[in-house]
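Novice: Contents are PDB, C-alpha atoms; file name data16.pdb:
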ATOM      1  CA  MET A   1      42.849 -27.418  -7.094
ATOM      2  CA  PRO A   2      40.103 -25.007  -8.357
ATOM      3  CA  ALA A   3      40.604 -21.247  -7.932
ATOM      4  CA  ARG A   4      38.907 -19.836  -4.859
ATOM      5  CA  LEU A   5      36.792 -16.662  -5.119
ATOM      6  CA  PRO A   6      37.843 -13.861  -2.776
ATOM      7  CA  SER A   7      35.434 -13.040   0.066
ATOM      8  CA  TRP A   8      34.606  -9.598  -1.388
ATOM      9  CA  ALA A   9      33.241 -11.315  -4.514
ATOM     10  CA  TRP A  10      30.910 -13.483  -2.390
ATOM     11  CA  VAL A  11      29.716 -10.476  -0.377
ATOM     12  CA  SER A  12      29.151  -8.425  -3.539
ATOM     13  CA  GLY A  13      27.203 -11.265  -5.170
ATOM     14  CA  LEU A  14      25.018 -11.772  -2.104
ATOM     15  CA  THR A  15      24.378  -8.019  -1.821
ATOM     16  CA  VAL A  16      23.324  -7.749  -5.482
ATOM     17  CA  GLY A  17      21.051 -10.792  -5.057
ATOM     18  CA  ALA A  18      19.437  -9.342  -1.915
ATOM     19  CA  ILE A  19      18.805  -5.977  -3.600
ATOM     20  CA  ALA A  20      17.222  -7.725  -6.600
ATOM     21  CA  ALA A  21      14.978  -9.819  -4.326
ATOM     22  CA  VAL A  22      13.840  -6.759  -2.339
ATOM     23  CA  THR A  23      13.144  -4.861  -5.574
ATOM     24  CA  VAL A  24      11.006  -7.703  -6.950
ATOM     25  CA  LEU A  25       9.070  -7.949  -3.665
ATOM     26  CA  ALA A  26       8.524  -4.168  -3.551
ATOM     27  CA  VAL A  27       7.137  -4.121  -7.111
ATOM     28  CA  GLN A  28       4.823  -7.058  -6.308
ATOM     29  CA  ALA A  29       3.633  -5.381  -3.098
ATOM     30  CA  ASP A  30       2.903  -2.127  -4.938
ATOM     31  CA  ARG A  31       0.729  -3.986  -7.467
ATOM     32  CA  GLY A  32      -1.200  -5.927  -4.822
ATOM     33  CA  PRO A  33      -4.324  -4.855  -2.943
ATOM     34  CA  GLN A  34      -3.904  -1.780  -0.766
ATOM     35  CA  PRO A  35      -5.482  -1.551   2.684
ATOM     36  CA  THR A  36      -8.198   0.955   3.419
ATOM     37  CA  ALA A  37      -7.366   3.057   6.441
ATOM     38  CA  THR A  38      -8.449   6.233   8.129
ATOM     39  CA  ALA A  39      -6.339   8.307  10.434
ATOM     40  CA  VAL A  40      -6.708   7.588  14.118
ATOM     41  CA  GLY A  41      -4.929   9.667  16.669
ATOM     42  CA  PRO A  42      -5.003  12.873  18.592
ATOM     43  CA  SER A  43      -6.634  15.869  16.971
ATOM     44  CA  PRO A  44      -4.692  19.082  16.634
ATOM     45  CA  THR A  45      -5.392  21.735  19.248
ATOM     46  CA  VAL A  46      -7.824  24.427  18.289
ATOM     47  CA  SER A  47      -6.920  27.919  19.382
ATOM     48  CA  ALA A  48      -9.522  30.468  20.363
ATOM     49  CA  GLY A  49     -11.257  31.894  17.317
ATOM     50  CA  ALA A  50      -9.950  29.208  14.971
ATOM     51  CA  HIS A  51     -12.097  26.968  12.795
ATOM     52  CA  PRO A  52     -13.514  24.007  14.728
ATOM     53  CA  THR A  53     -11.822  20.672  14.134
ATOM     54  CA  PRO A  54     -13.753  18.691  11.495
ATOM     55  CA  LYS A  55     -15.493  15.648  13.010
ATOM     56  CA  GLU A  56     -14.681  12.171  11.687
ATOM     57  CA  THR A  57     -17.407   9.533  11.502
ATOM     58  CA  ALA A  58     -17.730   6.328   9.497
ATOM     59  CA  PRO A  59     -15.666   6.602   6.305
ATOM     60  CA  ALA A  60     -17.621   8.314   3.559
ATOM     61  CA  PRO A  61     -17.833   6.481   0.230
ATOM     62  CA  VAL A  62     -15.890   7.843  -2.729
ATOM     63  CA  PRO A  63     -18.252  10.006  -4.838
ATOM     64  CA  GLU A  64     -19.514   8.077  -7.865
ATOM     65  CA  SER A  65     -18.788  10.903 -10.299
ATOM     66  CA  SER A  66     -15.130  11.199  -9.258
ATOM     67  CA  GLY A  67     -13.471   9.310 -12.106
ATOM     68  CA  THR A  68     -11.578   6.034 -12.092
ATOM     69  CA  GLY A  69      -8.075   4.807 -11.359
ATOM     70  CA  ARG A  70      -5.446   6.108  -8.966
ATOM     71  CA  ARG A  71      -6.398   9.639  -7.955
ATOM     72  CA  ILE A  72      -7.078  12.170  -5.242
ATOM     73  CA  VAL A  73     -10.736  13.106  -4.950
ATOM     74  CA  TYR A  74     -11.620  16.448  -3.360
ATOM     75  CA  SER A  75     -15.286  17.180  -2.613
ATOM     76  CA  LEU A  76     -16.020  20.888  -2.286
ATOM     77  CA  GLY A  77     -19.423  20.255  -0.670
ATOM     78  CA  GLN A  78     -18.238  17.651   1.829
ATOM     79  CA  LYS A  79     -14.888  19.370   2.508
ATOM     80  CA  ARG A  80     -13.373  15.884   2.235
ATOM     81  CA  VAL A  81     -10.481  14.208   0.420
ATOM     82  CA  TRP A  82     -10.071  10.569  -0.623
ATOM     83  CA  LEU A  83      -6.825   8.907  -1.686
ATOM     84  CA  VAL A  84      -7.985   6.279  -4.194
ATOM     85  CA  ASP A  85      -5.742   3.474  -5.459
ATOM     86  CA  ALA A  86      -5.607   1.983  -8.963
ATOM     87  CA  SER A  87      -8.345  -0.555  -8.104
ATOM     88  CA  ASP A  88     -10.726   2.336  -7.196
ATOM     89  CA  ALA A  89     -10.547   1.533  -3.461
ATOM     90  CA  ALA A  90     -10.250   4.404  -1.005
ATOM     91  CA  ARG A  91      -6.959   4.015   0.858
ATOM     92  CA  ARG A  92      -7.658   6.977   3.145
ATOM     93  CA  THR A  93     -10.311   9.657   3.593
ATOM     94  CA  PHE A  94     -10.438  12.725   5.807
ATOM     95  CA  THR A  95     -12.049  16.140   6.152
ATOM     96  CA  VAL A  96     -10.176  19.339   5.319
ATOM     97  CA  TRP A  97     -10.299  23.099   5.864
ATOM     98  CA  PRO A  98     -10.621  24.751   2.418
ATOM     99  CA  GLY A  99      -9.194  28.158   1.601
ATOM    100  CA  THR A 100     -11.304  31.073   0.380
ATOM    101  CA  VAL A 101     -10.391  30.388  -3.273
ATOM    102  CA  GLY A 102     -11.395  26.934  -4.450
ATOM    103  CA  PRO A 103     -10.900  25.048  -7.690
ATOM    104  CA  ALA A 104     -13.821  24.567 -10.073
ATOM    105  CA  PRO A 105     -15.053  20.965 -10.381
ATOM    106  CA  GLY A 106     -12.907  19.117 -12.900
ATOM    107  CA  THR A 107      -9.781  17.033 -13.342
ATOM    108  CA  TYR A 108      -6.338  18.434 -12.543
ATOM    109  CA  THR A 109      -2.865  16.984 -12.038
ATOM    110  CA  VAL A 110      -0.289  17.595  -9.362
ATOM    111  CA  GLY A 111       2.076  20.049 -11.014
ATOM    112  CA  SER A 112       4.643  20.622  -8.290
ATOM    113  CA  ARG A 113       5.389  19.913  -4.655
ATOM    114  CA  ALA A 114       7.317  21.665  -1.884
ATOM    115  CA  GLU A 115       8.233  19.708   1.233
ATOM    116  CA  GLY A 116      10.059  22.330   3.301
ATOM    117  CA  ALA A 117       8.326  24.772   5.601
ATOM    118  CA  THR A 118       7.196  28.135   4.266
ATOM    119  CA  THR A 119       4.598  30.715   5.224
ATOM    120  CA  GLY A 120       1.136  30.220   3.710
ATOM    121  CA  SER A 121      -1.099  32.990   2.413
ATOM    122  CA  ASP A 122      -2.856  32.944   5.813
ATOM    123  CA  GLY A 123       0.406  33.679   7.662
ATOM    124  CA  VAL A 124       0.761  30.144   9.086
ATOM    125  CA  ARG A 125       3.955  28.053   8.692
ATOM    126  CA  ILE A 126       3.025  25.176   6.362
ATOM    127  CA  GLU A 127       4.790  22.155   4.873
ATOM    128  CA  ARG A 128       4.256  19.312   2.392
ATOM    129  CA  ILE A 129       2.583  21.534  -0.199
ATOM    130  CA  VAL A 130       1.016  19.735  -3.178
ATOM    131  CA  TYR A 131       0.026  22.227  -5.916
ATOM    132  CA  PHE A 132      -2.560  21.217  -8.512
ATOM    133  CA  THR A 133      -4.132  24.368 -10.029
ATOM    134  CA  GLN A 134      -4.482  28.150  -9.957
ATOM    135  CA  GLU A 135      -7.742  30.032  -9.610
ATOM    136  CA  ASP A 136      -8.107  33.797  -9.804
ATOM    137  CA  GLY A 137      -4.290  34.163  -9.657
ATOM    138  CA  VAL A 138      -4.051  32.089  -6.446
ATOM    139  CA  SER A 139      -2.247  28.730  -6.243
ATOM    140  CA  VAL A 140      -4.503  25.974  -4.941
ATOM    141  CA  ALA A 141      -2.714  23.267  -2.985
ATOM    142  CA  PHE A 142      -3.000  20.727  -0.199
ATOM    143  CA  SER A 143      -0.782  21.452   2.828
ATOM    144  CA  ASN A 144      -0.587  21.045   6.589
ATOM    145  CA  ALA A 145       0.494  23.447   9.311
ATOM    146  CA  VAL A 146       3.951  22.668  10.667
ATOM    147  CA  ASP A 147       2.536  22.712  14.216
ATOM    148  CA  GLY A 148      -0.540  20.654  13.234
ATOM    149  CA  SER A 149      -3.026  23.443  14.009
ATOM    150  CA  SER A 150      -6.189  24.295  12.109
ATOM    151  CA  PRO A 151      -6.057  27.433   9.981
ATOM    152  CA  PRO A 152      -7.124  30.747  11.470
ATOM    153  CA  PRO A 153     -10.240  32.430  10.082
ATOM    154  CA  PRO A 154      -9.175  34.325   6.960
ATOM    155  CA  ALA A 155      -8.970  38.102   7.053
ATOM    156  CA  SER A 156     -11.898  39.800   5.374
ATOM    157  CA  GLY A 157     -11.405  39.690   1.604
ATOM    158  CA  ALA A 158      -8.245  37.538   1.838
ATOM    159  CA  LYS A 159      -7.602  35.117  -1.016
ATOM    160  CA  THR A 160      -6.224  31.846   0.338
ATOM    161  CA  GLY A 161      -5.843  28.774  -1.872
ATOM    162  CA  GLY A 162      -4.535  26.367   0.747
ATOM    163  CA  ILE A 163      -6.609  23.285   1.434
ATOM    164  CA  ARG A 164      -5.359  22.644   4.959
ATOM    165  CA  LEU A 165      -4.967  19.095   6.249
ATOM    166  CA  ARG A 166      -4.211  17.598   9.644
ATOM    167  CA  LYS A 167      -0.507  16.762   9.973
ATOM    168  CA  ALA A 168      -0.956  12.973   9.539
ATOM    169  CA  ASP A 169      -3.205  13.536   6.516
ATOM    170  CA  GLY A 170      -0.638  15.950   5.048
ATOM    171  CA  THR A 171       1.990  13.222   5.365
ATOM    172  CA  ALA A 172      -0.317  10.724   3.626
ATOM    173  CA  VAL A 173      -1.102  13.124   0.757
ATOM    174  CA  TRP A 174       2.606  13.919   0.376
ATOM    175  CA  ALA A 175       3.439  10.212   0.035
ATOM    176  CA  PHE A 176       0.534   9.566  -2.381
ATOM    177  CA  ALA A 177       0.564  12.684  -4.581
ATOM    178  CA  THR A 178       3.629  12.489  -6.761
ATOM    179  CA  THR A 179       3.916  14.954  -9.655
ATOM    180  CA  GLY A 180       1.373  13.979 -12.332
ATOM    181  CA  THR A 181      -1.129  12.372  -9.913
ATOM    182  CA  LYS A 182      -4.742  13.096 -10.929
ATOM    183  CA  VAL A 183      -6.818  15.341  -8.640
ATOM    184  CA  ASN A 184     -10.551  15.098  -9.354
ATOM    185  CA  VAL A 185     -12.585  17.908  -7.813
ATOM    186  CA  VAL A 186     -16.320  17.307  -7.390
ATOM    187  CA  GLY A 187     -19.092  19.620  -6.172
TER     188      GLY A 187
END
Represent the structure contained in this file as structure tokens.
Specialist:
Amino acid sequence: MPARLPSWAWVSGLTVGAIAAVTVLAVQADRGPQPTATAVGPSPTVSAGAHPTPKETAPAPVPESSGTGRRIVYSLGQKRVWLVDASDAARRTFTVWPGTVGPAPGTYTVGSRAEGATTGSDGVRIERIVYFTQEDGVSVAFSNAVDGSSPPPPASGAKTGGIRLRKADGTAVWAFATTGTKVNVVG
């Protein structure tokens, strides 16, 4: 009579096989076409005296002079960000509230990230901070307010480098912008 494998060996073998199959499927899915989506949902509340909520219309096309490949594109003039996949398709686009200190047009990379809540240079609790450059001694980064609000008007002469996002957009940038991701800033 042949030796019988113990049940733990069968369970271990099936578990290893399932993990391998899921890994292969995940790699294939990551290499496939990515959907294009824009955020739909409730807008954050605007408090008295705060910046108005940016209006969303039909998705704006990715600027032609914004490079190629997987990248974040930030347009200073349009106050808009695009998350662009490796096939040069915009996966998401949205308007932002820029700080008072902005990056010069050019190509940068995400240098560091901070997920936990902290207080921004404007005094607001922020989270999901994605740093990509420094200008005039001020860190420039994407972030969203913990409570989802728009940033308050900056104090006269204040230097703020936060590019504030809606909460859902902050979550999307956090997921997309790993350390080393290109950030192309256009005029």
Novice: Excluding stretch 122-138 of chain A and its own-chain neighbours fewer than 3 positions away, which residues fall within 8 Å of it when counting only C-alpha atoms? Please give them as a PDB file with C-alpha atoms, in the coordinates of the input.
Specialist:
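Produced file selection.pdb, reproduced below:
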ATOM      1  CA  VAL A 101     -10.391  30.388  -3.273  1.00  0.00           C
ATOM      2  CA  GLY A 102     -11.395  26.934  -4.450  1.00  0.00           C
ATOM      3  CA  PRO A 103     -10.900  25.048  -7.690  1.00  0.00           C
ATOM      4  CA  TYR A 108      -6.338  18.434 -12.543  1.00  0.00           C
ATOM      5  CA  THR A 109      -2.865  16.984 -12.038  1.00  0.00           C
ATOM      6  CA  VAL A 110      -0.289  17.595  -9.362  1.00  0.00           C
ATOM      7  CA  GLY A 111       2.076  20.049 -11.014  1.00  0.00           C
ATOM      8  CA  SER A 112       4.643  20.622  -8.290  1.00  0.00           C
ATOM      9  CA  ARG A 113       5.389  19.913  -4.655  1.00  0.00           C
ATOM     10  CA  ALA A 114       7.317  21.665  -1.884  1.00  0.00           C
ATOM     11  CA  GLU A 115       8.233  19.708   1.233  1.00  0.00           C
ATOM     12  CA  GLY A 116      10.059  22.330   3.301  1.00  0.00           C
ATOM     13  CA  ALA A 117       8.326  24.772   5.601  1.00  0.00           C
ATOM     14  CA  THR A 118       7.196  28.135   4.266  1.00  0.00           C
ATOM     15  CA  THR A 119       4.598  30.715   5.224  1.00  0.00           C
ATOM     16  CA  ALA A 141      -2.714  23.267  -2.985  1.00  0.00           C
ATOM     17  CA  PHE A 142      -3.000  20.727  -0.199  1.00  0.00           C
ATOM     18  CA  SER A 143      -0.782  21.452   2.828  1.00  0.00           C
ATOM     19  CA  ASN A 144      -0.587  21.045   6.589  1.00  0.00           C
ATOM     20  CA  ALA A 145       0.494  23.447   9.311  1.00  0.00           C
ATOM     21  CA  VAL A 146       3.951  22.668  10.667  1.00  0.00           C
ATOM     22  CA  ASP A 147       2.536  22.712  14.216  1.00  0.00           C
ATOM     23  CA  PRO A 151      -6.057  27.433   9.981  1.00  0.00           C
ATOM     24  CA  PRO A 152      -7.124  30.747  11.470  1.00  0.00           C
ATOM     25  CA  PRO A 154      -9.175  34.325   6.960  1.00  0.00           C
ATOM     26  CA  LYS A 159      -7.602  35.117  -1.016  1.00  0.00           C
ATOM     27  CA  THR A 160      -6.224  31.846   0.338  1.00  0.00           C
ATOM     28  CA  GLY A 161      -5.843  28.774  -1.872  1.00  0.00           C
ATOM     29  CA  GLY A 170      -0.638  15.950   5.048  1.00  0.00           C
ATOM     30  CA  THR A 171       1.990  13.222   5.365  1.00  0.00           C
ATOM     31  CA  VAL A 173      -1.102  13.124   0.757  1.00  0.00           C
ATOM     32  CA  TRP A 174       2.606  13.919   0.376  1.00  0.00           C
ATOM     33  CA  ALA A 177       0.564  12.684  -4.581  1.00  0.00           C
ATOM     34  CA  VAL A 183      -6.818  15.341  -8.640  1.00  0.00           C
TER      35      VAL A 183
END
Novice: Compile the contact shell of stretch 67-74 of chain A as a VMD selection string: residues with an atom at most 9 Å away, counting all atoms listed in the file, same-chain residues fewer than 6 positions apart removed.
Specialist: chain A and resid 80 to 89 107 173 176 to 177 181 to 187
Novice: Could you tell me how far atom CA of A:Ser121 lies from atom CA of A:Asp169, in Å and to one decimal?
Specialist: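 Separating atom CA of A:Ser121 from atom CA of A:Asp169 is a distance of 20.0 Å.
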Novice: Would you list the residues near (-14.9, 23.7, 0.1), meaning any protein, DNA or RNA residue with an atom at most 7 Å from that point in file coordinates, counting all atoms listed in the file, as a PyMOL selection string?
Specialist: chain A and resi 76-77+79+98+102
Novice: Go ahead and save the residues from that selection, with C-alpha atoms, as a short mmCIF file (atom, residue, chain, number, x, y, z; two decimals), keeping the file's coordinate frame.
Specialist:
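Below is the file that was written, selection29.cif:
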data_model
loop_
_atom_site.label_atom_id
_atom_site.label_comp_id
_atom_site.auth_asym_id
_atom_site.auth_seq_id
_atom_site.Cartn_x
_atom_site.Cartn_y
_atom_site.Cartn_z
CA LEU A 76 -16.02 20.89 -2.29
CA GLY A 77 -19.42 20.26 -0.67
CA LYS A 79 -14.89 19.37 2.51
CA PRO A 98 -10.62 24.75 2.42
CA GLY A 102 -11.40 26.93 -4.45
#
Novice: Could you jot down the atom CA of A:Gly162 to atom CA of A:Thr93 separation for me, Å, one decimal place?
Specialist: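 Value for the atom CA of A:Gly162-atom CA of A:Thr93 distance: 17.9 Å.
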Novice: Take atom CA of A:Ser156 and atom CA of A:Val96 and report the distance between them in Å, one decimal.
Specialist: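 Taking atom CA of A:Ser156 as the start and atom CA of A:Val96 as the end point, the length is 20.5 Å.
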